[in-house]
Structures are given as C-alpha cells and as structure tokens.
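I have placed the structure first, in the form of structure tokens, so that the comments after it can refer back to it.
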Amino acid sequence: MAKHRYSPDVPALSSAFGRRRFLGYLIAAPTLAVGVFGVVQADTPAADASVPSPPQPEEIFDLGDLQNLAAAPTSHLISVRVNPDGTASFAAHRAEVGQGMTTAVAMMIAEELDLPLDKVTITLADARPELVFNQLTGGSNSMRSIYLPVRTAAAIARQQLVAAAAREWNLDPSALSTANGVVTGPGGRRASYGSLAAAAASDKTTPVPAPPLKPSSQFTVLGTPQSRIDALDIVTGKKSFGMDIQVPGALPTMVRRPPTINGTVASVNNTAAVRAMPGVTDIAVISHGVAVRARTFGQCIDAIRALDVTWGPGTVDDTSDATVLAALKAAELPLVVPPLTVTSVNADFTFAFASNSPLEPDNAIADVRSGSAEIWSALKVPIDAQQAIAAMLGMPQDAVTVHVVQGGGSFGRHLFHNVAAEAAEASQRMGKPVKLMWSRTDDFRQGRTHPMCTSRVRANLLLGNVVSYEQRHTSVQTDFSHGLGEMITATAAKLPVGGNLSFAETIFELSQSSPYNFGVTTQLLNEVPLRFNTGSMRNIYSPNVVCAQELVVDRIAAKMGKDPVAFRRRYLKDSRVLAVLNKAAEAGNWGAALPAGMAQGIAVHSEYQAAIACLVQIDCTPATVNRQIQDGVGGPRVTKALVVVDPGFAINPRGLEAQMIGGMNDGIALALTSSLHISNGIPLEGSWDNYFYTRQWNTPLDMQVIVMPATSDSPSGAGELGVAPAFAAVACAYARATGTMPTSFPINHGTLGFTPYPLEPSTPPSPTDGLDNAY
C-alpha cells in the first residue's frame, strides 16, 4: 500500500461530495474509536431537449436521498475502532445477505486508515434503536449512505494515530506518514497502529475536526477489484449462517401451515399422539400454524406431516390469477391525453406474482425467558423487528436483544421479520429456546411475493416527435409496513411529492422516472387492497415499469421507421445514459446479422443516481424452444448478454460485476420463466423444482460486464440496478425474434409445467409433498 503523507492541506473532494458535510468526534473508549455526524444536501440536475419533459420527482429527489435524509441525524452514532493488535473493526449497521457489503465497507476503512485490507474486520451490529432510521438495508442505498461517514471515521482515526505518534516523538504531525498500519517519521521512527491505539484514545466523547478525505487519485484500495473478504470461508464451508449458530437448548422447530395464505388454527385434533412421536418435545399453536420442536429436523418433518389440524379461513381464500387480474383491470387509472388516431401507440401489460426465493430458507433462533428475549436472524430492518417482537411478547423494547446474522440471499425478503417473530412466539409458548426453519414450500407459498400488476402505456406522436407519454401502473398492494414506511412519515414535509400519497405511491414517485424526453410524461400508481403477503422484491417497481416502457419505446421507434438504438440516442435526456447506450451498442455489435428466430434486444435505465444499458441476444428458433431439458421443455434461451454500467464511482468493480450478473439472471427469469400461479388463495409452486428461476441451461454462456470510467467521486446504488434493464432487454429481444410483442410475463406463465405439491403434507410421507426439499 502506498504511503499517505499526513497533511491538513489535501484538496477537498469534488463537487459530487458537496451533497453531504461531516463532522467527527472521539468516542470515550480504552482504544481509539471514532464517529461522525453528517448533513444532507440535495442537488437538482438539469437536462436539455428539443421537446423537453418536465422533471419527475425521482429526478429531483430520489428514494436514496430520502433514506440519506432520514439516516443523517444518527450518522454520528457509528464508529470505527482501532484495536491493540493493530487491526480495525467496524460493526456494520447494514445487513450482509450476499451482496458484498462487508467487503466494500472494509475497503473504505482500509483506504482511509492506510491499513491492509486483511487487517479490517467487519461484523454486523445488533439492533440499535438509537439509530432510528439508520439501520435499514434496502433501496440499493447502503453504499450511498455510508460511504462518506465510514471513510470520515477512518480518516479521523488515522489522524488521531498520527497525532499520538507526533506527541510521543515531539514532532509536527505533518512530518509523519502512514502506510500498512504503521506511522513513520524522520530518523527511522516507526510505530504500529496497535502500539498507538491506547494513546490515541479519549476518556471522554470529544468533537474533533474531520480531515479532508483522500482524493480518488490517491486511492490504492477503493476502485480496485477485490475478492470478497469472506470468499475463502464461503468456498471451504466455514462461513456461518443462521442455522450454523449454536445456542444452548435451541432445538429444531418447524411449523405446520394452513392451506391458504394467513389461515389460522381452529383446532389441533391429535396433539397427544404427535407429542408421543420420536424426538418430539413440544407442540404449540402460533398465529398462523402449529409449531413442533424436536431433536432433529427430520423428526419435525415427520411430526408436522402427522398433525391433524382444522383450519380457519385465510385472507385471500377465493382468489386466483384470473380474479386478481380482473380486480387490477377494474382499478386502472385513466389515461388523460386522448389518442392521436394513427399516431398513437397503446399497450397493456400483465406481470404475474413472483417469489423473492432466496437460496437460504427462512430461519431464526429465539430464546424467550421471563422478562427477556434474545433473537438471532438475518434481518434488514432489525430495529423494526425488535419493536414488533417486544410488543408481541409484552416486553419493553430494551428487554429484547436482536442479533443480526449473515443471510444467504434476500432480494427484499428479509425486510420482513416473520420468521423471527414466529420463533419468538413459539419459544414463549413452549418456554424453551427454538431454532425455527421454514421449508422450501413455506417460503414459496407463505413467504413474501412480488405483487401481480398491470401497466397501461400510451404515447402520442406528432410531427415526427413524441409529445406525450403516460403510464398507469396498477398493483396488488405492496406491504411497506417495515421501517421504510416510517421513514416516509418522518420526512414527508421535505419530499418533492404533493397530496395525501400512500407509502407505496410515494416510493413509486421517488423511484420511477422516464429517461426520455417524451413531452408531457406521467407515471402513476394505483393499488388494489388484496391481503396477500407481498413485499418489495429486488428493484421494487422498476422491472415491470421499465419492461413495459422499453417495449413501447421499440414500438414507437418502429412506427417512426427508426432503429431502436438510433431512436433512443435522439430522445435520451441524460448524457450518462446515452454514454452507456453507445458503449453497449459498440461492444455488443448492435445490428449484427442473425438467423431467423434470433435477435438482439437493448434497454436502458437510470435509477439510484446510476446509468445502465443491457444488450442481449436471444434464440427463439424451434430447435431451441422445443428442446428437452431436465425441467421440461426448454423455451427461448438468452445466448449472449452485455451489461454496461456507470455507477458513478465503483467501490469494488469485481463486486459490482457480480451484482450485474445476478441482476441479468433475475431479469431473464422474470421475462421468460419465473412466476407464481395463484389458485384458491395460495401459490401452486412449492419448491425450486417448480419455480423456474434462471437455471444453468438458460443462463447466457457469453456474459460480459463493462464498468464505465468514474463519472463521480461517490458511488451510486447498484445492488438492484441490473434487474429492470435486463428484464426489458430480454423482452425486447423476444419481440424482435418472434415478430410479436409479448404483453404477459413471464412468457411461459400461461402453461403450468409441473404437478403442484398437495396443499397439506400427506401421511405416510409422499415424495410430492414438498417437505423433502426443506433443506
């Protein structure tokens, strides 16, 4: 690592960092601990166009700005610590669910501390209610919100270490430099960070001036491709997840669930017989099922299969895909601008329910005692979980300790704490600690879903220009009862949206905007209050909204006799979006001659203050569509995929590349194969073998990610960025390959390609009841 000469005169960072200013302070501690305080400032970008569209709220102040605003008052409550062994540690107030957050944070600290990356340890903080809105992981906001506070805390720590060495050597701090965890001075003087940690500490909390942060030209860690700090543990099986945690007395626990969503228990008719089964220790009725605790998970499965339960009704018992679609159609908001006869483009799209489907089944450990409780689970809003669980248990909030553990995927699922609440409820009723796990079938049928929705679009053309664009998005209501809704309430007076909007409408307005100058542009949301267990799946509304938009853009281009790329070049508002489009067209060889039944598709997107373009090639030839694979008929296959992304500044290009590849596979799944079929109030899908996420047979063999040169000193959001344009690009490619624009997604949803598991497990065990897939 290059040496960093301490100097208070290092130039300030560029104007991109002007959005926030930070102050620092020393925390009372035996070794060095530093925190920061921040103030948010929002900027308003400008755009020029021949027929300009007025700015939409998302372009002025987006969802990430809201999260930063809400988090700012407590940003001073995070701290970087330097330990006596010369390492640094940080308890991250964001969740790690596979996205690589811990690696990026370690890079920030290593950079500003001039410390080797392997000397930085990142753990996950327990629920900290004093953080208020500053412990929520979502909206691709983690890096945007903590990049400056964490770096500032690390820079102050380095400053204090230098000052301690200067005092010890009776030298001016400017004569000293730092590198590799060592302070050096004239005459060969050297002191390790560990030897200085106590001397640099403070016995009282003291404000200190924050030094200027390193300019990007001096970075040696940030902006360089780094492997995950937990990569070795992952590939050797040493990484610990929730089910690996050993809590004394916490035995395996599972739940027999109702055959409808949110059904309740009327009676359990054979409790004594099941309690007498091998290994079973306890049976308890909980809010939405019957919990069974046993010595092994296998014994839990045997017991819940054997239970005879009479069920009460659920909340959506008589619903199906058809009834939900009818309700959505009836609730669609009107399009205001009348069609201009032959110069109008109109389209209606339907998007099926989909599952968050993280690889790791939901799980939690709970130990509820008289007057206290302790919870372990992968939680993205742990403060909300702590509050709700305390209220459920009848305890004060500070009597409930919530430990955040690393999760094996989330995609929005862990914004909700259902499994932690169930574990706490079961533990309280049994009077014993439990290690509760959902089965795969529980996840797909009773877990959170991305709601079914429709999108109506009308674009009007006049005199060779697009003069209006309207989009009306209608959705089954999305549950924002987690902390994001409270953020909106707390910051409502400062948001650039008017009227008495719901949480969902506000989030829609702060996350959706059109990248095109299409004259008068409106994008509105309406919701239908059906009580499914919904949630904000990865990228929330954008995959569906952008898919509909980009398909219509291709239709407009065709109507005007323009190539899809040339058309987009003319109408795009933002130079960054135009740059990624041009790069994708060039690197992806847009316009290449392809056989009949094969085609390219391209789509762009701008969100989280980032810009992205996706270009794919799809094979819809009969030989490919009709080929036989393990899961049934193959269907179309995306054979090539290119992602070009401008993330502002890429903290870890290797991690960013992984995020883009994941987003591409999500987009392929949503376009072609991945959905839930609702019948009699419950999804028919019961496990991975009938929920067709992108598999090895239909993921592109040729996939490339290009990260554009930095256009900012600060990172944008990226965790969810790739899903929407990937979905849209695949849909556009399919339309060009088949000559028919798809209007219902995924395209295979109309065919049920599997035999559903029974709605209740069978006794004796059946190979089709889904519980054999519990692990």
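Labels for the structure tokens follow display order: chains A, B, ..., residues from 1 in each chain, ligands from 1.
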Practice problem: List every residue of stretch 541-709 of chain A that DSSP, applied to the backbone of this structure, places in alpha helix (DSSP H), and write the result as an MDAnalysis selection string. | Solution: chainID A and resid 542:559 564:571 575:587 622:625 653:672
Practice problem: Might you pull out every residue within 8 Å of A:Ser355, with only C-alpha atoms counted and same-chain residues fewer than 3 positions away left off, and present them as a ChimeraX atom specification? | Solution: /A:444,447-450,537,675-676
Quiz prompt | All residues 12 Å or closer to A:Phe416, only C-alpha atoms, same chain fewer than 4 positions away omitted, as a PyMOL selection string | solution = chain A and resi 136-138+356+362+377-386+388-389+410-412+420-422+447-449+479-484+533-537
Store the residues picked out above, limited to N, CA and C atoms, as a compact mmCIF listing (two decimals), in the first residue's frame.
# COMPACT_ATOMS: atom_id res chain seq x y z
N LEU A 136 -31.46 0.32 8.20
CA LEU A 136 -32.34 -0.32 7.22
C LEU A 136 -31.53 -0.58 5.96
N THR A 137 -31.54 -1.84 5.52
CA THR A 137 -30.83 -2.21 4.30
C THR A 137 -31.85 -2.41 3.19
N GLY A 138 -31.81 -1.54 2.19
CA GLY A 138 -32.77 -1.65 1.10
C GLY A 138 -32.64 -0.46 0.17
N ASN A 356 -39.59 -13.88 -3.90
CA ASN A 356 -38.24 -13.41 -3.58
C ASN A 356 -37.23 -14.56 -3.71
N ASP A 362 -35.88 -19.38 5.15
CA ASP A 362 -36.02 -18.51 6.31
C ASP A 362 -35.73 -19.28 7.59
N SER A 377 -31.23 -13.73 13.71
CA SER A 377 -31.84 -13.91 12.39
C SER A 377 -31.22 -12.93 11.41
N ALA A 378 -31.34 -13.25 10.10
CA ALA A 378 -30.90 -12.33 9.04
C ALA A 378 -32.01 -11.30 8.84
N LEU A 379 -31.76 -10.08 9.29
CA LEU A 379 -32.78 -9.05 9.30
C LEU A 379 -32.23 -7.78 8.67
N LYS A 380 -33.02 -7.18 7.77
CA LYS A 380 -32.60 -5.95 7.12
C LYS A 380 -33.17 -4.71 7.80
N VAL A 381 -34.15 -4.92 8.69
CA VAL A 381 -34.70 -3.80 9.48
C VAL A 381 -34.80 -4.29 10.93
N PRO A 382 -33.66 -4.50 11.58
CA PRO A 382 -33.69 -5.13 12.90
C PRO A 382 -34.36 -4.30 13.98
N ILE A 383 -34.34 -2.98 13.86
CA ILE A 383 -35.00 -2.15 14.87
C ILE A 383 -36.51 -2.38 14.82
N ASP A 384 -37.05 -2.44 13.61
CA ASP A 384 -38.48 -2.71 13.44
C ASP A 384 -38.82 -4.08 14.01
N ALA A 385 -37.96 -5.08 13.75
CA ALA A 385 -38.18 -6.42 14.30
C ALA A 385 -38.17 -6.39 15.82
N GLN A 386 -37.22 -5.70 16.39
CA GLN A 386 -37.12 -5.61 17.84
C GLN A 386 -38.38 -4.99 18.45
N ALA A 388 -41.45 -4.78 17.13
CA ALA A 388 -42.64 -5.60 16.94
C ALA A 388 -42.62 -6.85 17.83
N ILE A 389 -41.46 -7.48 17.93
CA ILE A 389 -41.36 -8.69 18.75
C ILE A 389 -41.55 -8.36 20.22
N SER A 410 -31.57 -12.47 -0.10
CA SER A 410 -32.74 -11.79 0.46
C SER A 410 -33.65 -11.32 -0.66
N PHE A 411 -33.15 -10.40 -1.52
CA PHE A 411 -33.94 -9.85 -2.63
C PHE A 411 -35.23 -9.21 -2.14
N GLY A 412 -35.15 -8.62 -0.94
CA GLY A 412 -36.29 -7.97 -0.31
C GLY A 412 -36.96 -8.79 0.76
N ALA A 420 -38.51 -14.49 12.49
CA ALA A 420 -38.03 -14.15 13.84
C ALA A 420 -39.19 -14.02 14.81
N ALA A 421 -40.28 -13.42 14.36
CA ALA A 421 -41.46 -13.29 15.22
C ALA A 421 -42.06 -14.66 15.53
N GLU A 422 -42.11 -15.53 14.52
CA GLU A 422 -42.62 -16.88 14.76
C GLU A 422 -41.77 -17.62 15.77
N GLY A 447 -44.41 -17.25 2.04
CA GLY A 447 -43.46 -16.15 2.13
C GLY A 447 -43.93 -14.93 1.37
N ARG A 448 -43.05 -13.95 1.29
CA ARG A 448 -43.39 -12.70 0.61
C ARG A 448 -43.33 -12.86 -0.90
N THR A 449 -44.22 -12.18 -1.58
CA THR A 449 -44.26 -12.24 -3.04
C THR A 449 -44.19 -10.82 -3.62
N ASP A 479 -46.65 -4.36 0.63
CA ASP A 479 -46.55 -4.12 2.07
C ASP A 479 -45.26 -3.36 2.37
N PHE A 480 -45.40 -2.12 2.83
CA PHE A 480 -44.26 -1.33 3.28
C PHE A 480 -44.36 -1.05 4.78
N SER A 481 -44.86 -2.05 5.52
CA SER A 481 -45.04 -1.85 6.96
C SER A 481 -43.72 -1.87 7.71
N HIS A 482 -42.62 -2.25 7.05
CA HIS A 482 -41.32 -2.19 7.70
C HIS A 482 -40.86 -0.73 7.81
N GLY A 483 -39.63 -0.50 8.20
CA GLY A 483 -39.17 0.84 8.54
C GLY A 483 -39.18 1.85 7.43
N LEU A 484 -39.24 1.42 6.16
CA LEU A 484 -39.26 2.38 5.06
C LEU A 484 -40.50 3.26 5.11
N ASN A 533 -49.38 -11.74 1.11
CA ASN A 533 -48.14 -11.38 1.81
C ASN A 533 -47.14 -10.88 0.78
N THR A 534 -47.20 -9.60 0.51
CA THR A 534 -46.36 -9.01 -0.53
C THR A 534 -45.15 -8.32 0.09
N GLY A 535 -44.24 -7.92 -0.77
CA GLY A 535 -43.06 -7.19 -0.32
C GLY A 535 -42.35 -6.59 -1.51
N SER A 536 -41.37 -5.77 -1.21
CA SER A 536 -40.64 -5.08 -2.27
C SER A 536 -39.49 -5.95 -2.75
N MET A 537 -39.76 -6.81 -3.70
CA MET A 537 -38.73 -7.66 -4.27
C MET A 537 -37.69 -6.81 -4.98
Quiz item: Just asking: which residues within stretch 411-651 of chain A are strand (DSSP E or B) according to DSSP, as a PyMOL selection string?
Solution: chain A and resi 434-437+449-450+453-462+465-476+516+520-528+534+572+598-607+610-619+628-629+632-633+637-646
Self-check item: Minimum-distance residue to A:Val467, chosen among A:Thr224, A:Gln704, A:Ser53, A:Asn748 (using only C-alpha atoms)
Solution: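 Smallest separation from A:Val467 among the options: A:Ser53.
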Quiz prompt | Selected residue of minimal separation from A:Thr694 among A:Asp666, A:Gln406, A:Pro715, A:Thr740, counting only C-alpha atoms | solution =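 Of A:Asp666, A:Gln406, A:Pro715, A:Thr740, the one nearest A:Thr694, counting only C-alpha atoms, is A:Asp666.
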Exercise. Would you mind reading off the distance between atom CA of A:Ser714 and atom CA of A:Gly648, one decimal, in Å?
Key: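 We find that atom CA of A:Ser714 and atom CA of A:Gly648 lie 6.1 Å from each other.
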Hey, could you make a per-residue contact list for stretch 269-351 of chain A against stretch 228-252 of chain A with 12 Å as the cut-off, showing the nearest pair of atoms and its distance in Å to one decimal, counting only C-alpha atoms, sorted by chain and number, as CSV?
residue,atom,partner,partner_atom,distance
A:Gly279,CA,A:Pro252,CA,10.3
A:Val280,CA,A:Pro252,CA,9.8
A:Thr281,CA,A:Leu251,CA,9.1
A:Asp282,CA,A:Leu251,CA,10.2
A:Ala291,CA,A:Pro252,CA,10.3
A:Val292,CA,A:Pro252,CA,8.4
A:Arg293,CA,A:Pro252,CA,5.8
A:Ala294,CA,A:Pro252,CA,5.7
A:Arg295,CA,A:Leu251,CA,6.0
A:Thr296,CA,A:Pro252,CA,5.7
A:Phe297,CA,A:Pro252,CA,5.4
A:Gly298,CA,A:Pro252,CA,9.0
A:Gln299,CA,A:Pro252,CA,8.8
A:Cys300,CA,A:Pro252,CA,7.2
A:Ile301,CA,A:Pro252,CA,10.1
A:Ala303,CA,A:Pro252,CA,12.0
Could you write those residues out with C-alpha atoms, as a JSON list (two decimals), in the first residue's frame?
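File again_19.json, as written:
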[["chain", "number", "residue", "atom", "x", "y", "z"],
["A", 279, "GLY", "CA", -37.89, -36.89, 19.32],
["A", 280, "VAL", "CA", -40.82, -34.52, 19.69],
["A", 281, "THR", "CA", -40.52, -32.27, 22.76],
["A", 282, "ASP", "CA", -43.16, -29.60, 22.29],
["A", 291, "ALA", "CA", -45.06, -25.23, 15.75],
["A", 292, "VAL", "CA", -43.32, -28.52, 16.53],
["A", 293, "ARG", "CA", -40.00, -28.74, 18.39],
["A", 294, "ALA", "CA", -37.99, -31.95, 18.17],
["A", 295, "ARG", "CA", -34.47, -33.36, 18.43],
["A", 296, "THR", "CA", -33.88, -33.24, 14.67],
["A", 297, "PHE", "CA", -35.42, -31.50, 11.69],
["A", 298, "GLY", "CA", -36.31, -34.90, 10.25],
["A", 299, "GLN", "CA", -38.39, -35.61, 13.35],
["A", 300, "CYS", "CA", -40.02, -32.19, 12.98],
["A", 301, "ILE", "CA", -41.00, -33.05, 9.40],
["A", 303, "ALA", "CA", -44.45, -34.70, 13.20]]
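Among the candidates A:Gly662, A:Pro709, A:Gly181, A:Pro212, the one nearest to A:Lys583 when counting only C-alpha atoms is A:Pro709.
Atom CA of A:Ala613 sits 10.9 Å away from atom CA of A:Val723.
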Practice problem: Just the residues within 10 Å of A:Leu66, please, counting only C-alpha atoms, with nothing from its chain fewer than 2 positions along; format it as a list of chain:residue names. | Solution: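 That gives A:Val40, A:Ala42, A:Phe61, A:Asp62, A:Leu63, A:Gly64, A:Asn68, A:Leu69, A:Ala70, A:Ala71, A:Asn141, A:Leu484, A:Met487, A:Ile488, A:Ala490, A:Thr491, A:Ala492, A:Lys494, A:Leu495, A:Ile507, A:Leu510.
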Self-check item: Residues within 10 Å of A:Met664, only C-alpha atoms, excluding chain neighbours under 2 positions, as an NGL selection string
Solution: :A and (614 or 616 or 641-643 or 658-662 or 666-670 or 694 or 699-700 or 703 or 721-727 or 729-730)
Quiz prompt | Shortest interatomic distance to A:Pro451 - which of A:Ile540, A:Leu463, A:Ala650, A:Ile261, counting only C-alpha atoms | solution = A:Ile540
Practice problem: Point out the residue among A:Ala104, A:Asn269, A:Ser89, A:His473 with the least atom-to-atom distance to A:Pro653, counting only C-alpha atoms. | Solution: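 With only C-alpha atoms as the atom set, the closest residue is A:Ala104.
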Quiz item: Can you tell me, as a ChimeraX atom specification, what residues are no more than 6 Å from stretch 681-684 of chain A when counting only C-alpha atoms, ignoring any on the same chain fewer than 6 positions away?
Solution: /A:260-261,316-319,445,756
Quiz prompt | Interatomic distance, atom CA of A:Val105 to atom CA of A:Leu213 (Å, one decimal) | solution =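 For atom CA of A:Val105 relative to atom CA of A:Leu213, the distance reads 15.3 Å.
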